[in-house]
Structures are given as C-alpha cells and as structure tokens.
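Participant: Structure file entry-v6.pdb, PDB, C-alpha atoms, pLDDT in the B column, is pasted below:
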ATOM      1  CA  SER A 200       6.399  19.707 -55.188  1.00 36.00           C
ATOM      2  CA  SER A 201       9.209  22.233 -55.634  1.00 39.00           C
ATOM      3  CA  SER A 202       6.735  24.857 -56.914  1.00 39.00           C
ATOM      4  CA  LEU A 203       4.487  24.179 -53.892  1.00 33.00           C
ATOM      5  CA  GLU A 204       7.400  24.594 -51.507  1.00 42.00           C
ATOM      6  CA  SER A 205       8.463  27.841 -53.156  1.00 43.00           C
ATOM      7  CA  THR A 206       4.902  29.129 -52.983  1.00 39.00           C
ATOM      8  CA  MET A 207       4.674  28.265 -49.261  1.00 39.00           C
ATOM      9  CA  MET A 208       7.987  29.952 -48.584  1.00 44.00           C
ATOM     10  CA  ASN A 209       6.669  33.159 -50.163  1.00 46.00           C
ATOM     11  CA  TYR A 210       3.622  33.149 -47.852  1.00 42.00           C
ATOM     12  CA  PRO A 211       3.931  35.048 -44.571  1.00 46.00           C
ATOM     13  CA  ARG A 212       4.148  33.092 -41.296  1.00 48.00           C
ATOM     14  CA  SER A 213       0.714  34.213 -40.125  1.00 47.00           C
ATOM     15  CA  ALA A 214      -0.853  32.756 -43.254  1.00 42.00           C
ATOM     16  CA  LEU A 215       0.814  29.365 -42.782  1.00 45.00           C
ATOM     17  CA  ILE A 216      -0.344  29.010 -39.190  1.00 60.00           C
ATOM     18  CA  ASN A 217      -4.099  29.423 -39.051  1.00 81.00           C
ATOM     19  CA  ASP A 218      -5.624  28.278 -35.758  1.00 82.00           C
ATOM     20  CA  GLU A 219      -9.186  28.386 -37.054  1.00 87.00           C
ATOM     21  CA  LEU A 220      -8.443  26.031 -39.967  1.00 87.00           C
ATOM     22  CA  ILE A 221      -6.663  23.584 -37.672  1.00 87.00           C
ATOM     23  CA  TRP A 222      -9.578  23.574 -35.217  1.00 88.00           C
ATOM     24  CA  GLN A 223     -12.154  23.022 -37.957  1.00 88.00           C
ATOM     25  CA  SER A 224     -10.138  20.130 -39.297  1.00 87.00           C
ATOM     26  CA  LEU A 225      -9.779  18.514 -35.855  1.00 87.00           C
ATOM     27  CA  ASN A 226     -13.345  19.172 -34.776  1.00 86.00           C
ATOM     28  CA  ARG A 227     -15.092  17.970 -37.920  1.00 86.00           C
ATOM     29  CA  THR A 228     -12.822  15.034 -38.704  1.00 85.00           C
ATOM     30  CA  PHE A 229     -10.935  12.505 -36.616  1.00 87.00           C
ATOM     31  CA  CYS A 230      -8.767  13.476 -33.593  1.00 88.00           C
ATOM     32  CA  SER A 231      -6.934  10.746 -31.687  1.00 89.00           C
ATOM     33  CA  PHE A 232      -7.116  12.726 -28.421  1.00 91.00           C
ATOM     34  CA  LYS A 233     -10.896  13.279 -28.514  1.00 89.00           C
ATOM     35  CA  SER A 234     -12.964  11.160 -26.146  1.00 89.00           C
ATOM     36  CA  LYS A 235     -16.757  11.456 -25.979  1.00 88.00           C
ATOM     37  CA  VAL A 236     -18.495  10.433 -22.754  1.00 86.00           C
ATOM     38  CA  GLN A 237     -22.275  10.856 -22.736  1.00 83.00           C
ATOM     39  CA  LYS A 238     -22.914  14.612 -23.198  1.00 83.00           C
ATOM     40  CA  HIS A 239     -19.324  15.817 -22.735  1.00 86.00           C
ATOM     41  CA  THR A 240     -16.267  15.655 -24.955  1.00 89.00           C
ATOM     42  CA  PHE A 241     -12.900  15.322 -23.237  1.00 90.00           C
ATOM     43  CA  CYS A 242      -9.344  15.734 -24.498  1.00 91.00           C
ATOM     44  CA  ARG A 243      -6.630  13.222 -23.530  1.00 90.00           C
ATOM     45  CA  HIS A 244      -3.726  15.395 -24.662  1.00 90.00           C
ATOM     46  CA  GLU A 245      -1.160  15.736 -21.861  1.00 91.00           C
ATOM     47  CA  MET A 246      -0.777  19.476 -22.475  1.00 91.00           C
ATOM     48  CA  ASN A 247      -4.485  20.330 -22.281  1.00 91.00           C
ATOM     49  CA  VAL A 248      -4.994  22.859 -19.519  1.00 91.00           C
ATOM     50  CA  THR A 249      -8.623  21.943 -18.737  1.00 89.00           C
ATOM     51  CA  GLY A 250      -9.130  18.409 -20.075  1.00 88.00           C
ATOM     52  CA  LEU A 251     -12.085  19.523 -22.222  1.00 89.00           C
ATOM     53  CA  CYS A 252     -12.217  19.445 -26.005  1.00 90.00           C
ATOM     54  CA  ASN A 253     -12.949  22.976 -27.228  1.00 89.00           C
ATOM     55  CA  LYS A 254     -11.185  25.579 -29.310  1.00 89.00           C
ATOM     56  CA  SER A 255      -9.942  27.693 -26.391  1.00 88.00           C
ATOM     57  CA  ALA A 256      -8.389  24.721 -24.549  1.00 89.00           C
ATOM     58  CA  CYS A 257      -7.061  22.745 -27.523  1.00 91.00           C
ATOM     59  CA  PRO A 258      -3.236  22.665 -27.446  1.00 90.00           C
ATOM     60  CA  LEU A 259      -3.080  21.751 -31.159  1.00 89.00           C
ATOM     61  CA  ALA A 260      -5.361  24.473 -32.499  1.00 88.00           C
ATOM     62  CA  ASN A 261      -3.712  27.342 -30.590  1.00 88.00           C
ATOM     63  CA  SER A 262      -0.365  28.656 -31.763  1.00 87.00           C
ATOM     64  CA  ARG A 263       0.061  30.424 -28.406  1.00 89.00           C
ATOM     65  CA  TYR A 264      -0.596  28.123 -25.487  1.00 91.00           C
ATOM     66  CA  ALA A 265       0.540  27.481 -21.918  1.00 92.00           C
ATOM     67  CA  THR A 266      -0.098  24.882 -19.242  1.00 92.00           C
ATOM     68  CA  ILE A 267       1.194  23.637 -15.885  1.00 93.00           C
ATOM     69  CA  ARG A 268       2.440  20.095 -15.328  1.00 92.00           C
ATOM     70  CA  GLU A 269       3.735  18.264 -12.247  1.00 91.00           C
ATOM     71  CA  GLU A 270       6.710  15.909 -12.553  1.00 90.00           C
ATOM     72  CA  ASP A 271       8.281  14.167  -9.526  1.00 89.00           C
ATOM     73  CA  GLY A 272       6.804  16.658  -7.083  1.00 87.00           C
ATOM     74  CA  LYS A 273       7.933  19.725  -9.053  1.00 90.00           C
ATOM     75  CA  CYS A 274       5.789  22.139 -11.071  1.00 92.00           C
ATOM     76  CA  TYR A 275       6.766  23.170 -14.600  1.00 93.00           C
ATOM     77  CA  LEU A 276       5.317  25.857 -16.824  1.00 93.00           C
ATOM     78  CA  TYR A 277       5.109  24.800 -20.480  1.00 93.00           C
ATOM     79  CA  VAL A 278       4.837  27.677 -22.954  1.00 92.00           C
ATOM     80  CA  LYS A 279       4.142  27.240 -26.683  1.00 89.00           C
ATOM     81  CA  ALA A 280       4.873  30.050 -29.168  1.00 82.00           C
ATOM     82  CA  LYS A 281       4.270  30.326 -32.910  1.00 80.00           C
ATOM     83  CA  GLU A 282       7.866  31.503 -33.415  1.00 83.00           C
ATOM     84  CA  ARG A 283       9.050  27.934 -32.677  1.00 84.00           C
ATOM     85  CA  ALA A 284       6.480  26.189 -34.871  1.00 81.00           C
ATOM     86  CA  HIS A 285       9.098  25.309 -37.478  1.00 84.00           C
ATOM     87  CA  THR A 286      11.062  23.251 -34.867  1.00 86.00           C
ATOM     88  CA  PRO A 287       8.706  20.756 -33.165  1.00 85.00           C
ATOM     89  CA  ALA A 288      11.521  19.507 -30.907  1.00 86.00           C
ATOM     90  CA  THR A 289      11.693  22.902 -29.199  1.00 86.00           C
ATOM     91  CA  LEU A 290       8.062  23.877 -29.644  1.00 89.00           C
ATOM     92  CA  TRP A 291       7.396  23.812 -25.887  1.00 90.00           C
ATOM     93  CA  GLU A 292       9.541  25.840 -23.490  1.00 90.00           C
ATOM     94  CA  LYS A 293       9.855  24.108 -20.109  1.00 91.00           C
ATOM     95  CA  ILE A 294      10.232  26.466 -17.113  1.00 91.00           C
ATOM     96  CA  LEU A 295      10.804  25.167 -13.570  1.00 93.00           C
ATOM     97  CA  LEU A 296       8.583  26.987 -11.063  1.00 92.00           C
ATOM     98  CA  PRO A 297       9.672  27.776  -7.488  1.00 91.00           C
ATOM     99  CA  ARG A 298       8.399  25.572  -4.707  1.00 91.00           C
ATOM    100  CA  ASN A 299       6.902  28.613  -2.975  1.00 91.00           C
ATOM    101  CA  TYR A 300       3.349  29.139  -4.211  1.00 91.00           C
ATOM    102  CA  ALA A 301       3.469  32.963  -4.159  1.00 92.00           C
ATOM    103  CA  GLN A 302       6.717  33.077  -6.135  1.00 93.00           C
ATOM    104  CA  ALA A 303       5.423  30.532  -8.654  1.00 92.00           C
ATOM    105  CA  PHE A 304       2.171  32.449  -9.068  1.00 93.00           C
ATOM    106  CA  GLU A 305       4.067  35.672  -9.700  1.00 93.00           C
ATOM    107  CA  LEU A 306       6.329  34.006 -12.270  1.00 93.00           C
ATOM    108  CA  VAL A 307       3.339  32.549 -14.143  1.00 93.00           C
ATOM    109  CA  SER A 308       1.635  35.943 -14.162  1.00 92.00           C
ATOM    110  CA  SER A 309       4.728  37.653 -15.607  1.00 92.00           C
ATOM    111  CA  ARG A 310       5.348  34.997 -18.291  1.00 90.00           C
ATOM    112  CA  LEU A 311       1.691  34.892 -19.410  1.00 90.00           C
ATOM    113  CA  GLU A 312       1.095  38.615 -19.279  1.00 89.00           C
ATOM    114  CA  HIS A 313       0.291  38.917 -23.007  1.00 88.00           C
ATOM    115  CA  PHE A 314      -1.548  35.602 -23.345  1.00 89.00           C
ATOM    116  CA  PRO A 315      -5.348  35.329 -23.597  1.00 89.00           C
ATOM    117  CA  LYS A 316      -7.236  35.881 -20.337  1.00 91.00           C
ATOM    118  CA  PHE A 317      -8.758  32.413 -20.545  1.00 91.00           C
ATOM    119  CA  LEU A 318      -5.320  30.747 -20.573  1.00 91.00           C
ATOM    120  CA  GLN A 319      -4.041  32.948 -17.766  1.00 92.00           C
ATOM    121  CA  HIS A 320      -7.008  32.097 -15.541  1.00 92.00           C
ATOM    122  CA  ARG A 321      -6.994  28.361 -16.261  1.00 93.00           C
ATOM    123  CA  THR A 322      -3.226  28.069 -15.829  1.00 93.00           C
ATOM    124  CA  LYS A 323      -3.341  29.781 -12.442  1.00 93.00           C
ATOM    125  CA  GLN A 324      -6.221  27.532 -11.382  1.00 93.00           C
ATOM    126  CA  ARG A 325      -4.209  24.479 -12.403  1.00 92.00           C
ATOM    127  CA  LEU A 326      -1.176  25.740 -10.467  1.00 93.00           C
ATOM    128  CA  THR A 327      -3.303  26.221  -7.344  1.00 93.00           C
ATOM    129  CA  ARG A 328      -4.828  22.750  -7.576  1.00 93.00           C
ATOM    130  CA  ILE A 329      -1.444  21.059  -8.123  1.00 93.00           C
ATOM    131  CA  HIS A 330       0.058  22.855  -5.125  1.00 93.00           C
ATOM    132  CA  GLN A 331      -2.889  21.738  -2.982  1.00 93.00           C
ATOM    133  CA  TYR A 332      -2.490  18.044  -3.757  1.00 91.00           C
ATOM    134  CA  LEU A 333       1.309  18.262  -3.403  1.00 92.00           C
ATOM    135  CA  ILE A 334       0.818  19.632   0.128  1.00 91.00           C
ATOM    136  CA  ARG A 335      -1.580  16.767   0.907  1.00 92.00           C
ATOM    137  CA  MET A 336       0.936  14.253  -0.455  1.00 90.00           C
ATOM    138  CA  ARG A 337       3.704  15.620   1.788  1.00 88.00           C
ATOM    139  CA  THR A 338       1.381  15.580   4.807  1.00 90.00           C
ATOM    140  CA  LEU A 339       0.345  11.966   4.200  1.00 87.00           C
ATOM    141  CA  ALA A 340       3.973  10.930   3.687  1.00 86.00           C
ATOM    142  CA  LEU A 341       4.841  12.191   7.183  1.00 88.00           C
ATOM    143  CA  GLN A 342       1.972  10.320   8.840  1.00 85.00           C
ATOM    144  CA  THR A 343       2.345   6.712  10.001  1.00 80.00           C
ATOM    145  CA  ARG A 344      -0.189   4.483   8.351  1.00 79.00           C
ATOM    146  CA  PRO A 345      -0.942   0.817   9.079  1.00 82.00           C
ATOM    147  CA  THR A 346       0.579  -1.781   6.818  1.00 83.00           C
ATOM    148  CA  LEU A 347      -1.953  -3.971   5.057  1.00 83.00           C
ATOM    149  CA  VAL A 348      -1.150  -7.696   5.062  1.00 81.00           C
ATOM    150  CA  ALA A 349      -2.935 -10.163   2.821  1.00 81.00           C
ATOM    151  CA  ALA A 350      -5.013 -12.738   4.701  1.00 79.00           C
ATOM    152  CA  THR A 351      -3.984 -16.289   3.758  1.00 81.00           C
ATOM    153  CA  THR A 352      -7.345 -17.982   4.248  1.00 87.00           C
ATOM    154  CA  LYS A 353      -6.349 -21.302   2.708  1.00 88.00           C
ATOM    155  CA  ALA A 354      -3.163 -21.550   4.764  1.00 86.00           C
ATOM    156  CA  ASP A 355      -5.057 -20.697   7.966  1.00 87.00           C
ATOM    157  CA  LYS A 356      -7.660 -23.382   7.299  1.00 89.00           C
ATOM    158  CA  ARG A 357      -4.933 -25.914   6.524  1.00 90.00           C
ATOM    159  CA  GLU A 358      -3.111 -25.119   9.771  1.00 89.00           C
ATOM    160  CA  ALA A 359      -6.379 -25.372  11.732  1.00 89.00           C
ATOM    161  CA  ARG A 360      -7.036 -28.845  10.324  1.00 91.00           C
ATOM    162  CA  ARG A 361      -3.502 -29.925  11.214  1.00 90.00           C
ATOM    163  CA  GLU A 362      -3.922 -28.634  14.762  1.00 90.00           C
ATOM    164  CA  LYS A 363      -7.163 -30.579  15.171  1.00 88.00           C
ATOM    165  CA  LYS A 364      -5.532 -33.759  13.927  1.00 87.00           C
ATOM    166  CA  ALA A 365      -2.549 -33.255  16.220  1.00 87.00           C
ATOM    167  CA  LEU A 366      -4.885 -32.656  19.192  1.00 84.00           C
ATOM    168  CA  VAL A 367      -6.827 -35.836  18.450  1.00 84.00           C
ATOM    169  CA  ALA A 368      -3.559 -37.802  18.148  1.00 82.00           C
ATOM    170  CA  ALA A 369      -2.287 -36.364  21.448  1.00 80.00           C
ATOM    171  CA  LYS A 370      -5.515 -37.304  23.248  1.00 80.00           C
ATOM    172  CA  LEU A 371      -5.309 -40.818  21.789  1.00 76.00           C
ATOM    173  CA  ASN A 372      -1.720 -41.239  23.001  1.00 74.00           C
ATOM    174  CA  GLN A 373      -2.675 -40.005  26.466  1.00 76.00           C
ATOM    175  CA  SER A 374      -5.625 -42.388  26.668  1.00 79.00           C
ATOM    176  CA  ILE A 375      -3.386 -45.300  25.603  1.00 76.00           C
ATOM    177  CA  GLN A 376      -0.805 -44.356  28.248  1.00 71.00           C
ATOM    178  CA  HIS A 377      -3.413 -44.152  31.028  1.00 74.00           C
ATOM    179  CA  GLU A 378      -4.946 -47.467  29.984  1.00 76.00           C
ATOM    180  CA  LEU A 379      -1.533 -49.231  29.918  1.00 73.00           C
ATOM    181  CA  LEU A 380      -0.630 -47.745  33.283  1.00 69.00           C
ATOM    182  CA  ALA A 381      -3.901 -48.893  34.820  1.00 74.00           C
ATOM    183  CA  ARG A 382      -3.481 -52.426  33.450  1.00 73.00           C
ATOM    184  CA  LEU A 383       0.128 -52.634  34.566  1.00 69.00           C
ATOM    185  CA  LYS A 384      -0.921 -51.656  38.098  1.00 66.00           C
ATOM    186  CA  GLN A 385      -3.655 -54.257  38.090  1.00 71.00           C
ATOM    187  CA  GLY A 386      -1.243 -56.912  36.790  1.00 65.00           C
ATOM    188  CA  THR A 387      -3.573 -57.811  33.955  1.00 67.00           C
ATOM    189  CA  TYR A 388      -0.804 -58.986  31.611  1.00 62.00           C
ATOM    190  CA  GLY A 389       1.482 -60.638  34.111  1.00 59.00           C
ATOM    191  CA  ASP A 390       4.576 -60.889  31.993  1.00 58.00           C
ATOM    192  CA  ILE A 391       5.475 -58.117  29.551  1.00 56.00           C
ATOM    193  CA  TYR A 392       4.341 -58.596  25.996  1.00 55.00           C
ATOM    194  CA  ASN A 393       5.028 -56.638  22.819  1.00 53.00           C
ATOM    195  CA  PHE A 394       3.413 -53.278  23.697  1.00 57.00           C
ATOM    196  CA  PRO A 395       3.768 -50.158  21.588  1.00 58.00           C
ATOM    197  CA  ALA A 396       7.222 -48.859  22.492  1.00 60.00           C
ATOM    198  CA  LEU A 397       6.454 -45.167  22.885  1.00 61.00           C
ATOM    199  CA  GLN A 398       3.314 -45.631  24.948  1.00 60.00           C
ATOM    200  CA  TYR A 399       4.903 -48.341  27.071  1.00 62.00           C
ATOM    201  CA  ASN A 400       7.977 -46.305  27.899  1.00 66.00           C
ATOM    202  CA  ALA A 401       5.852 -43.272  28.686  1.00 68.00           C
ATOM    203  CA  ALA A 402       3.638 -45.392  30.957  1.00 64.00           C
ATOM    204  CA  LEU A 403       6.686 -46.762  32.782  1.00 65.00           C
ATOM    205  CA  ASP A 404       8.035 -43.255  33.266  1.00 71.00           C
ATOM    206  CA  ASP A 405       4.701 -42.131  34.673  1.00 68.00           C
ATOM    207  CA  ALA A 406       4.599 -45.139  36.985  1.00 66.00           C
ATOM    208  CA  GLN A 407       8.117 -44.437  38.255  1.00 69.00           C
ATOM    209  CA  THR A 408       7.296 -40.808  38.773  1.00 74.00           C
ATOM    210  CA  GLU A 409       4.172 -41.633  40.737  1.00 69.00           C
ATOM    211  CA  ALA A 410       6.065 -44.190  42.820  1.00 66.00           C
ATOM    212  CA  VAL A 411       8.778 -41.684  43.684  1.00 65.00           C
ATOM    213  CA  ALA A 412       6.152 -39.099  44.545  1.00 67.00           C
ATOM    214  CA  ASP A 413       4.296 -41.588  46.839  1.00 66.00           C
ATOM    215  CA  GLN A 414       7.554 -42.550  48.556  1.00 66.00           C
ATOM    216  CA  ASP A 415       8.441 -38.911  49.188  1.00 65.00           C
ATOM    217  CA  ALA A 416       4.970 -38.252  50.565  1.00 67.00           C
ATOM    218  CA  GLU A 417       5.266 -41.262  52.943  1.00 70.00           C
ATOM    219  CA  GLU A 418       8.666 -40.097  54.160  1.00 68.00           C
ATOM    220  CA  GLU A 419       7.310 -36.628  54.842  1.00 67.00           C
ATOM    221  CA  ASP A 420       4.384 -38.127  56.760  1.00 64.00           C
ATOM    222  CA  ASP A 421       6.783 -40.265  58.875  1.00 63.00           C
ATOM    223  CA  GLU A 422       8.909 -37.232  59.638  1.00 67.00           C
ATOM    224  CA  LEU A 423       5.854 -35.251  60.713  1.00 64.00           C
ATOM    225  CA  VAL A 424       4.673 -38.096  62.967  1.00 59.00           C
ATOM    226  CA  ALA A 425       8.149 -38.426  64.564  1.00 63.00           C
ATOM    227  CA  ARG A 426       8.325 -34.699  65.228  1.00 65.00           C
ATOM    228  CA  PHE A 427       4.842 -34.768  66.771  1.00 56.00           C
ATOM    229  CA  VAL A 428       5.789 -37.641  69.097  1.00 54.00           C
ATOM    230  CA  GLU A 429       9.001 -35.904  70.174  1.00 62.00           C
ATOM    231  CA  ASP A 430       7.124 -32.673  70.899  1.00 61.00           C
ATOM    232  CA  ALA A 431       4.534 -34.589  72.925  1.00 57.00           C
ATOM    233  CA  GLU A 432       7.217 -36.335  75.038  1.00 61.00           C
ATOM    234  CA  LEU A 433       8.967 -33.024  75.714  1.00 57.00           C
ATOM    235  CA  ASP A 434       5.662 -31.512  76.869  1.00 58.00           C
ATOM    236  CA  ASP A 435       5.110 -34.451  79.274  1.00 55.00           C
ATOM    237  CA  ASP A 436       8.606 -34.052  80.749  1.00 55.00           C
ATOM    238  CA  ASP A 437       7.973 -30.373  81.391  1.00 53.00           C
ATOM    239  CA  ASP A 438       4.708 -31.121  83.143  1.00 53.00           C
ATOM    240  CA  ASP A 439       6.416 -33.656  85.453  1.00 53.00           C
ATOM    241  CA  ASP A 440       9.042 -31.134  86.474  1.00 54.00           C
TER     242      ASP A 440
END
Rewrite the structure from the file as structure tokens, please.
Facilitator:
Amino acid sequence: SSSLESTMMNYPRSALINDELIWQSLNRTFCSFKSKVQKHTFCRHEMNVTGLCNKSACPLANSRYATIREEDGKCYLYVKAKERAHTPATLWEKILLPRNYAQAFELVSSRLEHFPKFLQHRTKQRLTRIHQYLIRMRTLALQTRPTLVAATTKADKREARREKKALVAAKLNQSIQHELLARLKQGTYGDIYNFPALQYNAALDDAQTEAVADQDAEEEDDELVARFVEDAELDDDDDDD
C-alpha cells in the first residue's frame, strides 16, 4: 500500500482526476442517484443543475461544476473546483447572491466566465426560474386566503340526532301540559292526585297566567264600558242645555 501511495503521489493532479473514467464507471455500473423512469434517466443529486443523468450535468463526473440552490428564500451559487478535490469538506464554495435579479445575474456571469458554456447557460436558467417562484411566493404570502376547516361529519350527525330527540321530548312535554290543563279546567280529577311534578307545576303556572290575563281583559272591558256611559251622559246633558 505504501508503494501505491508513493506512486500516486508522483502522478500529476490531472492524471488523478479523470472525469471520463469517473463517468464511465458511474454510467456502466451502479449509481445511487440514478433513477430511470420509462424512457428518461433522472439524477437525484441535490447539486445537479438540470436533474437529468448525463455526462455534462453530472456533479460527480465533472471536476469543474456550478449550480444554484435556494435556501430559506435566498439564492446561493455553489462552485466546485478541482483544486479543492483533496478536501471534500471544502469541495463546494458557497456564495450568497444578491436579492436583486440583475445583480445576481451579473455575479453569476463573472464567477462562471471560464466555465463550460453548457454550465453557464443552465445555471442562469436555474437562477431565473428560482427568482420567478420566489416572487410568486412573496405575492401569495401578501394575499389573504380562506382558512380551510375540516368538516366533522360524525359530530354534525350526532348533534342532529340529539336535536331531534330534544324536539320530540319538548313536544311531548307540551302535549302533557296542555292535556293536564284541559283536564284540570274540566274538573276531571276532582281532588289532586300524584301527577308528574314538572308538568303539573307548569300547567298550574299556565292556568294562573291565563286567569290573570282574563281578569285584566275583563277590567279593561269594564273601564271602556264606564267611559262610554259617562261620555253618553255628558252628550245628553249638552243637548238639554
């Protein structure tokens, strides 16, 4: 192993990093990010600039690579260079892009000036698309939208059944009260027996209320009759004079 390491150290950097060999190995053998759907092959790597599995867009088989990512509403430019291949922790350089689209576009153009034309074009397309959906997100956040509430169908049906039962019970109580009141007026029972307490008390209250109302009506009628008689007598006295 020591002889192998010494041999690799004597090789130049360009010989150790061969993009074509890496792509052949990934394309012909297994790749955990490859996903085949019908006629197309997609890449699930988070740094892939297009989402397609091909040599130009593969972030593993290109020693020089760049992409745009959105995190918490901010756009970042990720740049990969072969000079940092020996330190995987710092392999990707993360650059915060300005919120202004024109300034961000200019910064991407300056940083990717010497990159392949394909990467420059795809990265700018990705930046444009991300800015478009960020604008839509901000617009939707400012709009008032209705709040969706789950419909409790079972609870509504249960409450409807309870209301029906309560309505039937209320009608039954009212019918019992009217029947007791009618029988009490007719004197059917004579003396008071053991009636249901609630219905009996309610019937008595209704009877007292009706009696008071009849008495008030009779008094008003008497007052009207007395006033009419007095007015008639006054009219007769005036005629005599």
Participant: With all atoms listed in the file as the basis for distance, which of A:Cys230, A:Glu292, A:Gln324, A:Met336 is at the shortest distance from A:Gly272?
Facilitator: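 Closest to A:Gly272 of all the choices is A:Met336.
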Participant: I need the output of the PyMOL selection byres ((chain A and resi 267) around 12) for this file as a PyMOL selection string; which residues are they?
Facilitator: chain A and resi 245-249+264-266+268-270+273-279+291-296+303-304+307+311+318-330
Participant: Could you check how far atom CA of A:Lys370 sits from atom CA of A:Glu358, in Å to one decimal?
Facilitator: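 The value is 18.3 Å.
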Participant: So what does the PyMOL selection byres ((chain A and resi 244) around 10) actually pick up in this one, as a PyMOL selection string?
Facilitator: chain A and resi 231-233+241-243+245-248+250-252+257-259
Participant: Could you check how far atom CA of A:Gln342 sits from atom CA of A:Asp271, in Å to one decimal?
Facilitator: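 Interatomic distance here is 19.8 Å.
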Participant: Restricting the calculation to all atoms listed in the file: of A:Tyr300, A:Ser262, A:Lys353, A:Asn372, which residue gets closest to A:Arg283?
Facilitator: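 Closest candidate: A:Ser262.
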Participant: Could you check which of A:Arg263, A:Val236, A:Ser224, A:Asn217 is closest to A:Phe317, using all atoms listed in the file?
Facilitator: A:Arg263
Participant: Atom CA of A:Glu417 and atom CA of A:His377, how far apart in Å?
Facilitator: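 So the two atoms, atom CA of A:His377 and atom CA of A:Glu417, lie 23.7 Å apart.
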Participant: For each of A:Arg382, A:Leu333, A:Phe314, A:Lys363, take the minimum atom-to-atom distance to A:Arg298, counting all atoms listed in the file, then give the residue where this is smallest.
Facilitator: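 With all atoms listed in the file as the atom set, the closest residue is A:Leu333.
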